[in-house]
Amino acid sequence: MPSRSRPRDRVLAFAQAHPEEASYLTARELGERLGISESTVIRAVQASGFSGYPEFQRRLRQNLVGRRTTVERFTIHGDPLSRSFSRDIENLRETWTDMPKGEFWKAAHLLAGAQRVWVFGLRMSHATAVVLELGLSFLGVNARLLAPRTADVWDQFARVAPGDVVVAISFPRYTRIAVEGAALARRQGGTVVAITDGPDSPLAPHAHVLLPAAYGIDGYVESFTASISLAQALLLAVGEVRGEDGLKALEAREQIWERQSVYWNPEEEG
């Protein structure tokens, strides 16, 4: 009598040996390759811990993007507008579906009540870090962008102290400094909130709170649409938690912006 685990083993073995092919085959096509039915393929991936075949394929594609160099990803062809927008929509939907809501609100309360908040993201993750740090400062949070320069990166991390919250942001291919910086921040007594792709991220072991965001795109740049949307959602939540204190901080900023004519006013151009 054949083992019940055999179809699962065959599906996973094929995916491991031919990840790129498996990431684009339908469940029916994969079943035909393996000599099993479409429903057996779907049951096999569900038995492996995936919610369904679409999640199985998404994970394969994410792993592929994480391993490829930018040069390798540059050779992927197709309509750029369609590829970019459709994948961003998928990333947003996946991030919303998979977000642990309790952890999200835990992060919001940590950010709202921290002695100091350090926000850190290198390379293209830096864009998400800038959005989050700037928005927190508008709400009166003592937030600082930890932006390493040539020689003083570890000096900056050394300033993290108990009572501080460090938001570490990194996605495949993860930067070494982001991983080691999160580890050092935790050793220094800081509370680490990681915005990354999921529990398999090397940031995960150092995080007190992990907020997953999908990042995959079929091209040489990763998508940070979901991580920036997550940062914006955190800012809204922190604003709710801070209440009147957040409102007063915003009002004070608005007065400064108006006094200094920070924003263009057509009525002043006449």
# chains A, B, ... in the order shown; residues from 1 in each chain; ligands from 1
call {"tool": "residues_around", "arguments": {"residues": "Leu235 (chain A)", "least_positions_apart": "4", "cutoff": "8 Å", "atoms": "only C-alpha atoms", "output": "VMD selection string"}}
result
chain A and resid 108 132 135 to 136 231 239
call {"tool": "write_last_selection", "arguments": {"atoms": "all heavy atoms", "output": "mmCIF file, in the first residue's frame"}}
result
data_model
loop_
_atom_site.group_PDB
_atom_site.id
_atom_site.type_symbol
_atom_site.label_atom_id
_atom_site.label_comp_id
_atom_site.auth_asym_id
_atom_site.auth_seq_id
_atom_site.Cartn_x
_atom_site.Cartn_y
_atom_site.Cartn_z
ATOM 1 N N ALA A 108 2.255 49.174 17.686
ATOM 2 C CA ALA A 108 1.770 50.557 17.755
ATOM 3 C C ALA A 108 1.881 51.109 19.174
ATOM 4 O O ALA A 108 2.309 52.257 19.378
ATOM 5 C CB ALA A 108 0.321 50.626 17.267
ATOM 6 N N LEU A 132 8.355 56.103 8.090
ATOM 7 C CA LEU A 132 7.953 55.797 9.462
ATOM 8 C C LEU A 132 8.546 56.796 10.451
ATOM 9 O O LEU A 132 7.834 57.316 11.323
ATOM 10 C CB LEU A 132 8.379 54.373 9.825
ATOM 11 C CG LEU A 132 7.928 53.859 11.192
ATOM 12 C CD1 LEU A 132 6.414 53.919 11.339
ATOM 13 C CD2 LEU A 132 8.426 52.436 11.416
ATOM 14 N N GLY A 135 6.877 60.340 10.061
ATOM 15 C CA GLY A 135 5.505 60.353 10.565
ATOM 16 C C GLY A 135 5.433 60.264 12.078
ATOM 17 O O GLY A 135 4.599 60.923 12.716
ATOM 18 N N LEU A 136 6.317 59.469 12.685
ATOM 19 C CA LEU A 136 6.341 59.378 14.147
ATOM 20 C C LEU A 136 6.724 60.710 14.774
ATOM 21 O O LEU A 136 6.148 61.120 15.789
ATOM 22 C CB LEU A 136 7.331 58.289 14.585
ATOM 23 C CG LEU A 136 6.909 56.836 14.336
ATOM 24 C CD1 LEU A 136 8.068 55.895 14.636
ATOM 25 C CD2 LEU A 136 5.687 56.456 15.176
ATOM 26 N N ALA A 231 3.854 50.769 7.155
ATOM 27 C CA ALA A 231 4.354 51.901 7.938
ATOM 28 C C ALA A 231 3.267 52.960 8.107
ATOM 29 O O ALA A 231 3.094 53.532 9.196
ATOM 30 C CB ALA A 231 5.589 52.504 7.263
ATOM 31 N N GLY A 239 -1.147 57.259 16.085
ATOM 32 C CA GLY A 239 -1.932 58.467 16.297
ATOM 33 C C GLY A 239 -3.139 58.214 17.181
ATOM 34 O O GLY A 239 -3.470 59.018 18.065
#
call {"tool": "residues_around", "arguments": {"residues": "region 201-204 of chain A", "least_positions_apart": "6", "cutoff": "9 Å", "atoms": "only C-alpha atoms", "output": "PyMOL selection string"}}
result
chain A and resi 168-172+174+178-180+182-183+194-195+210
call {"tool": "write_last_selection", "arguments": {"atoms": "C-alpha atoms", "output": "mmCIF file, in the first residue's frame"}}
result
data_model
loop_
_atom_site.group_PDB
_atom_site.id
_atom_site.type_symbol
_atom_site.label_atom_id
_atom_site.label_comp_id
_atom_site.auth_asym_id
_atom_site.auth_seq_id
_atom_site.Cartn_x
_atom_site.Cartn_y
_atom_site.Cartn_z
ATOM 1 C CA ALA A 168 14.603 47.138 11.894
ATOM 2 C CA ILE A 169 13.509 46.908 8.258
ATOM 3 C CA SER A 170 15.074 44.483 5.796
ATOM 4 C CA PHE A 171 14.027 42.180 2.959
ATOM 5 C CA PRO A 172 15.838 39.660 0.756
ATOM 6 C CA TYR A 174 19.037 41.020 3.616
ATOM 7 C CA ALA A 178 20.525 45.107 9.408
ATOM 8 C CA VAL A 179 20.712 41.604 10.886
ATOM 9 C CA GLU A 180 23.710 42.252 13.130
ATOM 10 C CA ALA A 182 19.046 44.156 15.254
ATOM 11 C CA ALA A 183 20.961 41.603 17.307
ATOM 12 C CA ALA A 194 11.087 43.839 12.713
ATOM 13 C CA ILE A 195 9.398 44.699 9.435
ATOM 14 C CA LEU A 210 7.561 40.686 13.869
#
call {"tool": "residues_around", "arguments": {"residues": "Glu21 (chain A)", "least_positions_apart": "5", "cutoff": "12 Å", "atoms": "only C-alpha atoms", "output": "PDB file with N, CA, C and O atoms, in the first residue's frame"}}
result
ATOM      1  N   PHE A  14       9.926  17.878  -6.439  1.00  0.00           N
ATOM      2  CA  PHE A  14       9.920  18.568  -7.731  1.00  0.00           C
ATOM      3  C   PHE A  14      10.151  20.065  -7.540  1.00  0.00           C
ATOM      4  O   PHE A  14      10.922  20.684  -8.270  1.00  0.00           O
ATOM      5  N   ALA A  15       9.479  20.640  -6.542  1.00  0.00           N
ATOM      6  CA  ALA A  15       9.635  22.075  -6.274  1.00  0.00           C
ATOM      7  C   ALA A  15      11.065  22.412  -5.875  1.00  0.00           C
ATOM      8  O   ALA A  15      11.589  23.476  -6.233  1.00  0.00           O
ATOM      9  N   GLN A  16      11.703  21.529  -5.136  1.00  0.00           N
ATOM     10  CA  GLN A  16      13.082  21.763  -4.721  1.00  0.00           C
ATOM     11  C   GLN A  16      14.038  21.642  -5.897  1.00  0.00           C
ATOM     12  O   GLN A  16      14.986  22.421  -6.026  1.00  0.00           O
ATOM     13  N   THR A  26       0.519  25.421 -13.253  1.00  0.00           N
ATOM     14  CA  THR A  26      -0.736  25.298 -12.509  1.00  0.00           C
ATOM     15  C   THR A  26      -0.723  23.975 -11.754  1.00  0.00           C
ATOM     16  O   THR A  26       0.100  23.082 -12.025  1.00  0.00           O
ATOM     17  N   ALA A  27      -1.654  23.833 -10.811  1.00  0.00           N
ATOM     18  CA  ALA A  27      -1.738  22.575 -10.058  1.00  0.00           C
ATOM     19  C   ALA A  27      -2.025  21.411 -11.002  1.00  0.00           C
ATOM     20  O   ALA A  27      -1.503  20.297 -10.822  1.00  0.00           O
ATOM     21  N   GLU A  29      -1.127  21.230 -14.235  1.00  0.00           N
ATOM     22  CA  GLU A  29       0.082  20.954 -15.014  1.00  0.00           C
ATOM     23  C   GLU A  29       1.134  20.236 -14.177  1.00  0.00           C
ATOM     24  O   GLU A  29       1.806  19.310 -14.661  1.00  0.00           O
ATOM     25  N   LEU A  30       1.257  20.639 -12.910  1.00  0.00           N
ATOM     26  CA  LEU A  30       2.217  19.965 -12.034  1.00  0.00           C
ATOM     27  C   LEU A  30       1.794  18.519 -11.793  1.00  0.00           C
ATOM     28  O   LEU A  30       2.634  17.607 -11.786  1.00  0.00           O
ATOM     29  N   ARG A  33       2.774  16.409 -14.706  1.00  0.00           N
ATOM     30  CA  ARG A  33       4.206  16.092 -14.692  1.00  0.00           C
ATOM     31  C   ARG A  33       4.511  14.934 -13.759  1.00  0.00           C
ATOM     32  O   ARG A  33       5.410  14.129 -14.018  1.00  0.00           O
ATOM     33  N   GLN A  57       2.866  28.749  -4.515  1.00  0.00           N
ATOM     34  CA  GLN A  57       3.573  29.386  -5.623  1.00  0.00           C
ATOM     35  C   GLN A  57       4.177  30.724  -5.226  1.00  0.00           C
ATOM     36  O   GLN A  57       5.287  31.062  -5.635  1.00  0.00           O
ATOM     37  N   LEU A  60       7.396  30.104  -3.425  1.00  0.00           N
ATOM     38  CA  LEU A  60       8.450  29.699  -4.350  1.00  0.00           C
ATOM     39  C   LEU A  60       9.020  30.915  -5.076  1.00  0.00           C
ATOM     40  O   LEU A  60      10.236  31.062  -5.202  1.00  0.00           O
ATOM     41  N   ARG A  61       8.147  31.798  -5.547  1.00  0.00           N
ATOM     42  CA  ARG A  61       8.609  32.977  -6.286  1.00  0.00           C
ATOM     43  C   ARG A  61       9.396  33.920  -5.387  1.00  0.00           C
ATOM     44  O   ARG A  61      10.408  34.495  -5.798  1.00  0.00           O
ATOM     45  N   LEU A  64      12.808  32.528  -4.917  1.00  0.00           N
ATOM     46  CA  LEU A  64      13.605  32.707  -6.121  1.00  0.00           C
ATOM     47  C   LEU A  64      14.142  34.124  -6.226  1.00  0.00           C
ATOM     48  O   LEU A  64      15.317  34.348  -6.521  1.00  0.00           O
TER      49      LEU A  64
END
call {"tool": "atom_distance", "arguments": {"atom1": "CA of Leu184 (chain A)", "atom2": "CA of Arg159 (chain A)"}}
result
10.5 Å
call {"tool": "closest_residue", "arguments": {"among": "A:Val165, A:Val11, A:Ala127, A:Ala158", "to": "Gly181 (chain A)", "atoms": "only C-alpha atoms"}}
result
A:Ala158
call {"tool": "select_by_dssp", "arguments": {"residues": "region 111-209 of chain A", "states": "strand (DSSP E or B)", "output": "mmCIF file with C-alpha atoms, in the first residue's frame"}}
result
data_model
loop_
_atom_site.group_PDB
_atom_site.id
_atom_site.type_symbol
_atom_site.label_atom_id
_atom_site.label_comp_id
_atom_site.auth_asym_id
_atom_site.auth_seq_id
_atom_site.Cartn_x
_atom_site.Cartn_y
_atom_site.Cartn_z
ATOM 1 C CA ARG A 116 13.079 56.791 22.041
ATOM 2 C CA VAL A 117 12.382 55.101 18.724
ATOM 3 C CA TRP A 118 15.218 54.251 16.370
ATOM 4 C CA VAL A 119 14.179 53.405 12.813
ATOM 5 C CA PHE A 120 16.621 51.561 10.621
ATOM 6 C CA GLY A 121 16.573 50.359 7.010
ATOM 7 C CA ALA A 143 11.972 59.158 16.757
ATOM 8 C CA ARG A 144 15.377 59.092 15.117
ATOM 9 C CA LEU A 145 16.475 57.715 11.789
ATOM 10 C CA ASP A 164 14.110 52.310 23.473
ATOM 11 C CA VAL A 165 12.312 50.685 20.569
ATOM 12 C CA VAL A 166 14.267 49.811 17.428
ATOM 13 C CA VAL A 167 12.390 49.238 14.174
ATOM 14 C CA ALA A 168 14.603 47.138 11.894
ATOM 15 C CA ILE A 169 13.509 46.908 8.258
ATOM 16 C CA THR A 191 12.826 46.287 22.098
ATOM 17 C CA VAL A 192 13.095 45.239 18.462
ATOM 18 C CA VAL A 193 10.205 45.507 16.019
ATOM 19 C CA ALA A 194 11.087 43.839 12.713
ATOM 20 C CA ILE A 195 9.398 44.699 9.435
ATOM 21 C CA THR A 196 10.505 41.930 7.116
ATOM 22 C CA VAL A 209 7.516 41.823 17.503
#
call {"tool": "atom_distance", "arguments": {"atom1": "CA of Ser223 (chain A)", "atom2": "CA of Gly198 (chain A)"}}
result
15.0 Å
call {"tool": "select_by_dssp", "arguments": {"residues": "region 2-232 of chain A", "states": "helix (DSSP H, G or I)", "output": "VMD selection string"}}
result
chain A and resid 6 to 17 19 to 22 27 to 34 38 to 47 53 to 67 70 to 74 80 to 98 101 to 113 123 to 138 153 to 157 176 to 187 204 to 206 225 to 232
call {"tool": "residues_around", "arguments": {"residues": "Thr40 (chain A)", "least_positions_apart": "4", "cutoff": "10 Å", "atoms": "only C-alpha atoms", "output": "number ranges by chain"}}
result
A: 7-8, 11, 27-28, 31, 36, 44-46
